[in-house]
$ cat run11.pdb   # PDB, C-alpha atoms, pLDDT in the B column
ATOM      1  CA  VAL A   1       0.000   0.000   0.000  1.00 91.00           C
ATOM      2  CA  VAL A   2       1.537   3.275  -1.146  1.00 92.00           C
ATOM      3  CA  GLY A   3      -1.060   5.666   0.286  1.00 91.00           C
ATOM      4  CA  THR A   4      -4.589   5.793   1.615  1.00 87.00           C
ATOM      5  CA  ASP A   5      -7.340   8.374   1.889  1.00 82.00           C
ATOM      6  CA  SER A   6     -10.211   7.191   4.081  1.00 73.00           C
ATOM      7  CA  LYS A   7     -12.084  10.451   3.418  1.00 73.00           C
ATOM      8  CA  LYS A   8     -12.385   9.400  -0.219  1.00 74.00           C
ATOM      9  CA  ASP A   9     -12.520   5.645   0.485  1.00 70.00           C
ATOM     10  CA  LEU A  10      -9.367   5.128  -1.618  1.00 80.00           C
ATOM     11  CA  ALA A  11      -6.035   3.327  -1.461  1.00 84.00           C
ATOM     12  CA  LEU A  12      -3.160   3.309  -3.933  1.00 88.00           C
ATOM     13  CA  ILE A  13      -1.215   0.066  -4.196  1.00 88.00           C
ATOM     14  CA  LYS A  14       2.033  -0.749  -5.962  1.00 90.00           C
ATOM     15  CA  LEU A  15       2.303  -4.068  -7.752  1.00 89.00           C
ATOM     16  CA  GLU A  16       5.707  -5.727  -7.394  1.00 91.00           C
ATOM     17  CA  GLY A  17       7.147  -8.515  -9.511  1.00 92.00           C
ATOM     18  CA  ALA A  18       4.593  -8.207 -12.313  1.00 90.00           C
ATOM     19  CA  SER A  19       5.369  -8.038 -16.009  1.00 92.00           C
ATOM     20  CA  GLY A  20       3.522  -7.968 -19.304  1.00 93.00           C
ATOM     21  CA  LEU A  21       0.740  -5.767 -17.983  1.00 90.00           C
ATOM     22  CA  HIS A  22      -0.731  -2.819 -19.876  1.00 89.00           C
ATOM     23  CA  PRO A  23      -2.000   0.167 -17.883  1.00 88.00           C
ATOM     24  CA  ALA A  24      -5.609   1.186 -18.229  1.00 91.00           C
ATOM     25  CA  THR A  25      -6.440   4.743 -19.259  1.00 96.00           C
ATOM     26  CA  LEU A  26      -7.955   7.003 -16.635  1.00 96.00           C
ATOM     27  CA  GLY A  27     -10.856   8.760 -18.316  1.00 97.00           C
ATOM     28  CA  ASN A  28     -12.698  11.958 -17.483  1.00 97.00           C
ATOM     29  CA  SER A  29     -15.755  11.473 -15.296  1.00 97.00           C
ATOM     30  CA  SER A  30     -17.006  15.008 -15.959  1.00 96.00           C
ATOM     31  CA  GLY A  31     -18.049  13.805 -19.425  1.00 95.00           C
ATOM     32  CA  VAL A  32     -20.137  10.906 -18.095  1.00 97.00           C
ATOM     33  CA  ARG A  33     -23.855  11.155 -18.873  1.00 98.00           C
ATOM     34  CA  VAL A  34     -26.918   9.285 -17.632  1.00 98.00           C
ATOM     35  CA  GLY A  35     -27.550   6.441 -20.090  1.00 97.00           C
ATOM     36  CA  ASP A  36     -23.868   5.897 -20.977  1.00 98.00           C
ATOM     37  CA  THR A  37     -22.903   2.230 -21.317  1.00 98.00           C
ATOM     38  CA  VAL A  38     -20.492   0.993 -18.631  1.00 98.00           C
ATOM     39  CA  VAL A  39     -18.699  -2.199 -17.642  1.00 96.00           C
ATOM     40  CA  ALA A  40     -17.802  -3.028 -14.034  1.00 95.00           C
ATOM     41  CA  ILE A  41     -14.723  -5.150 -13.361  1.00 93.00           C
ATOM     42  CA  GLY A  42     -14.057  -6.877 -10.072  1.00 88.00           C
ATOM     43  CA  SER A  43     -13.876 -10.091  -8.091  1.00 86.00           C
ATOM     44  CA  PRO A  44     -17.364 -10.623  -6.682  1.00 83.00           C
ATOM     45  CA  GLU A  45     -17.367 -13.358  -4.050  1.00 81.00           C
ATOM     46  CA  GLY A  46     -13.711 -14.043  -4.989  1.00 83.00           C
ATOM     47  CA  LEU A  47     -14.471 -14.791  -8.668  1.00 88.00           C
ATOM     48  CA  SER A  48     -11.568 -12.848 -10.192  1.00 87.00           C
ATOM     49  CA  GLY A  49     -11.758 -11.256 -13.616  1.00 86.00           C
ATOM     50  CA  THR A  50     -15.533 -10.857 -13.582  1.00 91.00           C
ATOM     51  CA  VAL A  51     -17.167  -8.199 -15.776  1.00 93.00           C
ATOM     52  CA  THR A  52     -20.758  -6.989 -15.785  1.00 93.00           C
ATOM     53  CA  SER A  53     -22.389  -4.377 -17.977  1.00 95.00           C
ATOM     54  CA  GLY A  54     -25.042  -1.727 -17.545  1.00 96.00           C
ATOM     55  CA  ILE A  55     -25.635   1.982 -17.868  1.00 97.00           C
ATOM     56  CA  VAL A  56     -25.046   5.073 -15.789  1.00 98.00           C
ATOM     57  CA  SER A  57     -28.321   5.498 -13.895  1.00 96.00           C
ATOM     58  CA  ALA A  58     -27.624   8.812 -12.127  1.00 95.00           C
ATOM     59  CA  LEU A  59     -24.817  11.235 -11.310  1.00 97.00           C
ATOM     60  CA  ASN A  60     -23.699  13.101  -8.193  1.00 95.00           C
ATOM     61  CA  ARG A  61     -25.415  10.832  -5.680  1.00 91.00           C
ATOM     62  CA  ASP A  62     -24.292  11.583  -2.109  1.00 86.00           C
ATOM     63  CA  VAL A  63     -23.050   8.227  -0.796  1.00 83.00           C
ATOM     64  CA  THR A  64     -21.700   7.812   2.721  1.00 78.00           C
ATOM     65  CA  VAL A  65     -19.481   4.838   3.594  1.00 74.00           C
ATOM     66  CA  SER A  66     -17.738   3.732   6.750  1.00 70.00           C
ATOM     67  CA  THR A  67     -14.102   4.673   7.293  1.00 69.00           C
ATOM     68  CA  ASP A  68     -13.868   2.293  10.255  1.00 62.00           C
ATOM     69  CA  GLU A  69     -11.215  -0.309   9.457  1.00 54.00           C
ATOM     70  CA  ASN A  70     -13.244  -2.883  11.380  1.00 48.00           C
ATOM     71  CA  GLN A  71     -16.174  -2.589   8.957  1.00 45.00           C
ATOM     72  CA  GLN A  72     -16.225  -5.147   6.160  1.00 45.00           C
ATOM     73  CA  GLN A  73     -16.735  -3.188   2.967  1.00 42.00           C
ATOM     74  CA  GLY A  74     -17.106  -5.495   0.011  1.00 40.00           C
ATOM     75  CA  GLN A  75     -15.115  -8.293   1.606  1.00 38.00           C
ATOM     76  CA  GLY A  76     -16.048 -11.941   1.357  1.00 35.00           C
ATOM     77  CA  GLY A  77     -19.543 -13.299   1.160  1.00 35.00           C
ATOM     78  CA  ASP A  78     -21.290 -11.548   4.036  1.00 37.00           C
ATOM     79  CA  GLY A  79     -23.183  -9.159   1.751  1.00 39.00           C
ATOM     80  CA  GLN A  80     -22.244  -6.195   3.922  1.00 42.00           C
ATOM     81  CA  TRP A  81     -21.285  -2.949   2.232  1.00 52.00           C
ATOM     82  CA  PRO A  82     -22.582  -0.525   4.790  1.00 58.00           C
ATOM     83  CA  PHE A  83     -23.388   2.831   3.206  1.00 59.00           C
ATOM     84  CA  SER A  84     -26.039   5.474   3.306  1.00 58.00           C
ATOM     85  CA  PHE A  85     -27.644   7.913   0.944  1.00 53.00           C
ATOM     86  CA  GLY A  86     -30.820   9.904   0.966  1.00 59.00           C
ATOM     87  CA  GLY A  87     -30.721   9.854   4.779  1.00 60.00           C
ATOM     88  CA  GLN A  88     -31.112   6.059   4.988  1.00 57.00           C
ATOM     89  CA  GLN A  89     -28.672   3.277   5.989  1.00 55.00           C
ATOM     90  CA  PHE A  90     -28.209   0.305   3.654  1.00 58.00           C
ATOM     91  CA  ASN A  91     -26.579  -3.076   4.224  1.00 55.00           C
ATOM     92  CA  GLY A  92     -25.718  -2.420   7.848  1.00 56.00           C
ATOM     93  CA  ASP A  93     -24.705   0.474  10.051  1.00 58.00           C
ATOM     94  CA  THR A  94     -21.918   2.704   8.743  1.00 55.00           C
ATOM     95  CA  GLY A  95     -20.890   3.487  12.326  1.00 61.00           C
ATOM     96  CA  SER A  96     -19.714   6.836  13.625  1.00 67.00           C
ATOM     97  CA  SER A  97     -16.704   7.273  11.335  1.00 73.00           C
ATOM     98  CA  THR A  98     -17.876   7.952   7.771  1.00 77.00           C
ATOM     99  CA  THR A  99     -16.996   9.759   4.575  1.00 76.00           C
ATOM    100  CA  THR A 100     -19.343  11.106   1.924  1.00 81.00           C
ATOM    101  CA  TYR A 101     -18.635  11.514  -1.787  1.00 85.00           C
ATOM    102  CA  LYS A 102     -20.549  12.297  -4.963  1.00 91.00           C
ATOM    103  CA  ALA A 103     -20.989   8.966  -6.738  1.00 94.00           C
ATOM    104  CA  ILE A 104     -21.838   7.640 -10.170  1.00 96.00           C
ATOM    105  CA  GLN A 105     -24.879   5.370  -9.873  1.00 95.00           C
ATOM    106  CA  THR A 106     -24.988   2.347 -12.185  1.00 95.00           C
ATOM    107  CA  ASP A 107     -27.206  -0.647 -12.811  1.00 94.00           C
ATOM    108  CA  ALA A 108     -24.159  -2.782 -13.722  1.00 93.00           C
ATOM    109  CA  SER A 109     -24.255  -5.696 -11.283  1.00 89.00           C
ATOM    110  CA  LEU A 110     -22.002  -5.020  -8.286  1.00 87.00           C
ATOM    111  CA  ASN A 111     -21.644  -7.576  -5.525  1.00 82.00           C
ATOM    112  CA  PRO A 112     -19.359  -8.017  -2.502  1.00 80.00           C
ATOM    113  CA  GLY A 113     -15.837  -8.156  -3.938  1.00 80.00           C
ATOM    114  CA  ASN A 114     -16.412  -5.569  -6.694  1.00 85.00           C
ATOM    115  CA  SER A 115     -15.296  -2.756  -4.381  1.00 84.00           C
ATOM    116  CA  GLY A 116     -12.088  -1.227  -5.719  1.00 86.00           C
ATOM    117  CA  GLY A 117     -12.653  -2.534  -9.243  1.00 90.00           C
ATOM    118  CA  ALA A 118     -12.925  -0.319 -12.301  1.00 94.00           C
ATOM    119  CA  LEU A 119     -16.061   1.142 -13.848  1.00 97.00           C
ATOM    120  CA  ILE A 120     -15.221   1.537 -17.538  1.00 97.00           C
ATOM    121  CA  ASN A 121     -16.956   3.461 -20.329  1.00 97.00           C
ATOM    122  CA  ALA A 122     -17.571   2.206 -23.889  1.00 96.00           C
ATOM    123  CA  SER A 123     -14.171   3.598 -24.986  1.00 96.00           C
ATOM    124  CA  GLY A 124     -12.366   1.432 -22.422  1.00 96.00           C
ATOM    125  CA  ASP A 125     -11.449   4.342 -20.118  1.00 97.00           C
ATOM    126  CA  ILE A 126     -11.794   4.054 -16.357  1.00 97.00           C
ATOM    127  CA  ILE A 127     -14.473   6.529 -15.268  1.00 98.00           C
ATOM    128  CA  GLY A 128     -14.958   5.332 -11.693  1.00 96.00           C
ATOM    129  CA  ILE A 129     -13.944   2.973  -8.912  1.00 94.00           C
ATOM    130  CA  ASN A 130     -16.712   0.608  -7.734  1.00 91.00           C
ATOM    131  CA  SER A 131     -17.420   1.320  -4.096  1.00 86.00           C
ATOM    132  CA  ALA A 132     -20.887   0.321  -2.824  1.00 80.00           C
ATOM    133  CA  MET A 133     -24.044  -1.545  -3.767  1.00 78.00           C
ATOM    134  CA  TYR A 134     -27.531  -1.879  -2.414  1.00 72.00           C
ATOM    135  CA  SER A 135     -28.707  -5.364  -1.495  1.00 64.00           C
ATOM    136  CA  ALA A 136     -32.388  -6.121  -0.965  1.00 61.00           C
ATOM    137  CA  SER A 137     -31.563  -8.658   1.753  1.00 51.00           C
ATOM    138  CA  SER A 138     -29.330  -8.263   4.780  1.00 46.00           C
ATOM    139  CA  ALA A 139     -26.779 -10.874   5.735  1.00 44.00           C
ATOM    140  CA  SER A 140     -28.422 -11.357   9.107  1.00 42.00           C
ATOM    141  CA  SER A 141     -31.568 -12.721   7.471  1.00 40.00           C
ATOM    142  CA  GLY A 142     -29.700 -15.778   6.232  1.00 44.00           C
ATOM    143  CA  SER A 143     -31.449 -15.396   2.901  1.00 44.00           C
ATOM    144  CA  SER A 144     -29.694 -16.598  -0.215  1.00 48.00           C
ATOM    145  CA  ASP A 145     -31.162 -13.819  -2.376  1.00 54.00           C
ATOM    146  CA  ALA A 146     -28.757 -11.113  -1.151  1.00 58.00           C
ATOM    147  CA  GLY A 147     -26.864  -9.470  -3.966  1.00 59.00           C
ATOM    148  CA  SER A 148     -27.091  -6.895  -6.685  1.00 62.00           C
ATOM    149  CA  ILE A 149     -30.439  -5.484  -7.687  1.00 72.00           C
ATOM    150  CA  GLY A 150     -29.000  -2.925 -10.094  1.00 73.00           C
ATOM    151  CA  LEU A 151     -28.202  -0.169  -7.621  1.00 85.00           C
ATOM    152  CA  GLY A 152     -24.439   0.297  -7.442  1.00 90.00           C
ATOM    153  CA  PHE A 153     -22.167   3.261  -6.887  1.00 91.00           C
ATOM    154  CA  ALA A 154     -18.688   4.240  -8.037  1.00 94.00           C
ATOM    155  CA  ILE A 155     -16.267   6.973  -6.999  1.00 93.00           C
ATOM    156  CA  PRO A 156     -15.809   9.241 -10.075  1.00 96.00           C
ATOM    157  CA  ILE A 157     -12.307   8.945 -11.549  1.00 97.00           C
ATOM    158  CA  ASN A 158     -11.820  12.732 -11.385  1.00 96.00           C
ATOM    159  CA  THR A 159     -12.182  12.438  -7.594  1.00 92.00           C
ATOM    160  CA  VAL A 160      -9.464   9.782  -7.653  1.00 92.00           C
ATOM    161  CA  LYS A 161      -7.180  11.784  -9.971  1.00 94.00           C
ATOM    162  CA  ALA A 162      -7.445  14.829  -7.685  1.00 91.00           C
ATOM    163  CA  ASP A 163      -5.927  12.714  -4.889  1.00 88.00           C
ATOM    164  CA  LEU A 164      -3.213  10.822  -6.825  1.00 91.00           C
ATOM    165  CA  ALA A 165      -0.272  13.092  -5.917  1.00 90.00           C
ATOM    166  CA  HIS A 166      -1.171  12.822  -2.239  1.00 90.00           C
ATOM    167  CA  LEU A 167      -1.519   9.036  -2.466  1.00 91.00           C
ATOM    168  CA  ARG A 168       1.738   8.629  -4.445  1.00 92.00           C
ATOM    169  CA  ALA A 169       3.546  10.610  -1.734  1.00 91.00           C
ATOM    170  CA  GLY A 170       2.387   8.028   0.805  1.00 86.00           C
ATOM    171  CA  GLY A 171      -0.484  10.089   2.154  1.00 77.00           C
ATOM    172  CA  SER A 172      -2.688   8.672   4.838  1.00 76.00           C
ATOM    173  CA  ASN A 173      -5.936  10.289   5.943  1.00 65.00           C
TER     174      ASN A 173
END
$ encode --input "run11.pdb" --output "structure tokens"
Amino acid sequence: VVGTDSKKDLALIKLEGASGLHPATLGNSSGVRVGDTVVAIGSPEGLSGTVTSGIVSALNRDVTVSTDENQQQGQGGDGQWPFSFGGQQFNGDTGSSTTTYKAIQTDASLNPGNSGGALINASGDIIGINSAMYSASSASSGSSDAGSIGLGFAIPINTVKADLAHLRAGGSN
């Protein structure tokens, strides 16, 4: 981990010992429009290299996520990605330590494990980082129907780019 920013729910990592990789292009999220086609990349439930497609459903949604390191955001199969928006809590309690950002809303299927993956536009540019999803069922119910219902959120890439120098310098908020 090179740097972290809990206020933006971001971390910058450095990959060591890798070769033959091609960097993805960071796009411009200010050009994103409702209805644009997107692809979400991630590892839902540990299934690496998974892609799902959808559209941008809304822009500038206020999403609040936990900054508590003890919260499980998008980890494993517990279905918990605690976040809030519109004054309501979803998928658990975000706790007392939170951060709020303006998010891109998408109907591309996001599930636990997609957090931190790329949201890509039709040109192949990264326009966001997958960060939260709404699940109709809580993990405590024991129901097997927990998962994506087409209400996911991503941190706009321009928000990420504004923080890159700080993260590269080893910043920690």
$ resolve_selection --input "run11.pdb" --expression "the PyMOL selection byres ((chain A and resi 99-101) around 6)" --output "MDAnalysis selection string"
chainID A and resid 7 62:65 98 102
$ atom_distance --input "run11.pdb" --atom1 "CA of Gly35 in chain A" --atom2 "CA of Pro156 in chain A"
15.7 Å
$ atom_distance --input "run11.pdb" --atom1 "CA of Gly150 in chain A" --atom2 "CA of Ile55 in chain A"
9.8 Å
$ closest_residue --input "run11.pdb" --among "A:Arg61, A:Ala40, A:Leu21, A:Ile126" --to "Asn158 in chain A" --atoms "all atoms listed in the file"
A:Ile126
$ atom_distance --input "run11.pdb" --atom1 "CA of Ser66 in chain A" --atom2 "CA of Asp163 in chain A"
18.9 Å
$ residues_around --input "run11.pdb" --residues "Ser30 in chain A" --least-positions-apart "2" --cutoff "9 Å" --atoms "all atoms listed in the file" --output "list in words"
Asn28, Val32, Arg33, Ile127, Pro156, Ile157 and Asn158 of chain A
$ resolve_selection --input "run11.pdb" --expression "the PyMOL selection byres ((chain A and resi 24) around 8)" --output "ChimeraX atom specification"
/A:22-23,25-26,124-126
$ closest_residue --input "run11.pdb" --among "A:Gly46, A:Gly171, A:Gly27, A:Gly17" --to "Asn121 in chain A" --atoms "all atoms listed in the file"
A:Gly27
$ closest_residue --input "run11.pdb" --among "A:Ala122, A:Leu12, A:Leu59, A:Ala169" --to "Ala154 in chain A" --atoms "all atoms listed in the file"
A:Leu59
$ closest_residue --input "run11.pdb" --among "A:Ser19, A:Ser48, A:Thr159, A:Ser53" --to "Asp107 in chain A" --atoms "all atoms listed in the file"
A:Ser53
$ residues_around --input "run11.pdb" --residues "Leu47 in chain A" --least-positions-apart "4" --cutoff "10 Å" --atoms "only C-alpha atoms" --output "NGL selection string"
:A and (42-43 or 113-114)
$ closest_residue --input "run11.pdb" --among "A:Thr4, A:Gln105, A:Asn130, A:Thr37" --to "Gly117 in chain A" --atoms "only C-alpha atoms"
A:Asn130
$ residues_near_point --input "run11.pdb" --point "(-13.1, -8.6, -15.9)" --cutoff "7 Å" --atoms "all atoms listed in the file" --output "ChimeraX atom specification"
/A:41-42,49-51
$ closest_residue --input "run11.pdb" --among "A:Leu110, A:Leu119, A:Ile155, A:Val39" --to "Met133 in chain A" --atoms "all atoms listed in the file"
A:Leu110
